[in-house]
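Input: a single structure, listed below in structure tokens.
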Amino acid sequence: MEKGKVVVLEERVPKLKQRRKQKANRRLTIYIAFFFILILCIIYFQSPLSNIKHIEVKGNKHIPAKQLIEFSGLTSRTSFWKVKAEQVERNINAHPEVEKVHLEKQFPNTVVIHVKERRRIAYIYDKQTFFPLLENGRILVKNAPKTAPSDAPILVNWKEGEDIQEIAGQLAKLPSYILSAISEIHHTPSDHDRYHITVYMNDGFEVSANVQNFAKKMVLYPSIVKQLNPNVKGVIHLEVSNYFKAYESETKGDDNEKGER
């Protein structure tokens, strides 16, 4: 054997001991780090640090965020890790104006409540109060506004019962752009037509219609108005056949203008 390849055992021992010591130190460091992480986790889960810090509400228009949070049952004392999304969603769905709800948890301590409200299709005016009528026919009695809202038509001279449920079903079928064009809907039944209604539009026209086919007829309203003179107001009849009749005063005024010419 060549002399250069001979390794003296005494020279290798210190190196082996050093490597073993380094491995032992690494293991000890890992164990200590794991121990401290475990301690921190225990402290975090058992202390207020894991509680909810922020509750956000998105998608609500009429329902106050504070009210939805109260329905959720969540507070600043609720542990982020103990929040059960299904239970919270059931709690919020108990609100009559909520159609859908989805809970989102954002680490480390934020909860976001996504809400879709039921559409308010009208307001029933009674006793100087405007009671919201939802698309499912439900009337909201609590916290009804005293001032006239502008996001849906106002129902005048309507009594709670089948008639309201029928007009609610018709209004729910209307697209938003037509619904927002209506100012007031008056219940004006007559001896020959118990379903008759008088509708006042935001553009100044009046509509004479029937509750039973109201949605089907009102879809035609934009195309009918395009054919009329916007300066001559009157009644658009949509009961059986569709036709327009100008107000008498405006008709006389037009005749006078023609005579002067």
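By order in the structure tokens, chains are A, B, ...; within a chain, residues start at 1; ligands start at 1, following the order shown.
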For this session: Could you give me, as JSON, numbers by chain, the residues within 6 Å of Ser183 (chain A), counting only C-alpha atoms and dropping anything in the same chain fewer than 6 positions from it?
Result: {"A": [153, 200, 201, 202]}
Write a file of the selected residues as a compact mmCIF listing (two decimals), in the first residue's frame, keeping C-alpha atoms.
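Everything below was put into result20.txt:
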# COMPACT_ATOMS: atom_id res chain seq x y z
CA PRO A 153 -92.91 52.63 -6.92
CA TYR A 200 -98.20 57.42 -12.67
CA MET A 201 -94.87 57.41 -14.43
CA ASN A 202 -91.80 59.50 -13.63
At most 10 Å is the cut-off: for each residue in region 114-165 of chain A with any atom that close to an atom of region 86-101 of chain A, write down the nearest atom pair and the distance in Å rounded to one decimal, counting only C-alpha atoms, chain first then increasing number, as a tab-separated table.
residue	atom	partner	partner_atom	distance
A:His114	CA	A:Val101	CA	5.6
A:Val115	CA	A:Val101	CA	4.5
A:Lys116	CA	A:Lys100	CA	5.0
A:Glu117	CA	A:Val98	CA	4.6
A:Arg118	CA	A:Glu99	CA	5.2
A:Arg119	CA	A:Glu97	CA	8.2
A:Arg120	CA	A:Glu97	CA	8.8
A:Pro132	CA	A:Glu97	CA	10.0
A:Leu134	CA	A:Glu97	CA	7.6
A:Glu135	CA	A:Glu97	CA	9.7
A:Asn136	CA	A:Glu97	CA	9.7
A:Arg138	CA	A:Pro96	CA	8.2
A:Ile139	CA	A:Pro96	CA	9.4
A:Leu140	CA	A:Pro96	CA	8.1
For this session: Provide the CA of Lys82 (chain A) to CA of Ile69 (chain A) distance in Å, to one decimal place.
Result: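 Computing it gives 16.3 Å between the two atoms.
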For this session: Identify, on the basis of only C-alpha atoms, every residue whose closest approach to His186 (chain A) does not exceed 7 Å; exclude the query and any residue fewer than 6 positions from it along the same chain; express the result as a list in words.
Result: Leu155, Val156, Asn157, Ile197, Thr198 and Val199 of chain A
With C-alpha atoms retained, export the selected residues as a PDB file, in the first residue's frame.
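The result, written out as again-v2.pdb:
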ATOM      1  CA  LEU A 155     -98.663  51.679  -3.838  1.00  0.00           C
ATOM      2  CA  VAL A 156    -101.592  53.921  -2.877  1.00  0.00           C
ATOM      3  CA  ASN A 157    -105.046  52.778  -1.649  1.00  0.00           C
ATOM      4  CA  ILE A 197    -105.112  50.274 -11.522  1.00  0.00           C
ATOM      5  CA  THR A 198    -103.866  53.755 -12.361  1.00  0.00           C
ATOM      6  CA  VAL A 199    -100.119  54.116 -12.759  1.00  0.00           C
TER       7      VAL A 199
END
For this session: Using only C-alpha atoms, pick whichever of A:Asn231, A:Ser47, A:Gln106, A:Gln67 has the shortest atom-to-atom distance to Ser79 (chain A).
Result: A:Ser47
Exercise. So how many Å separate CA of Lys226 (chain A) and CA of Leu238 (chain A), to one decimal?
Worked result: 15.6 Å
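For the set A:Thr29, A:Gln22, A:Gln227, A:Asn143, the residue with the smallest atom-to-atom gap to Pro64 (chain A) is A:Asn143, counting only C-alpha atoms.
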Problem set entry | Using only C-alpha atoms: which of A:Thr129, A:Ser208, A:Asn229, A:Asn51 has the shortest distance to Ile154 (chain A) |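 Ranking A:Thr129, A:Ser208, A:Asn229, A:Asn51 by distance to Ile154 (chain A), first place goes to A:Thr129.
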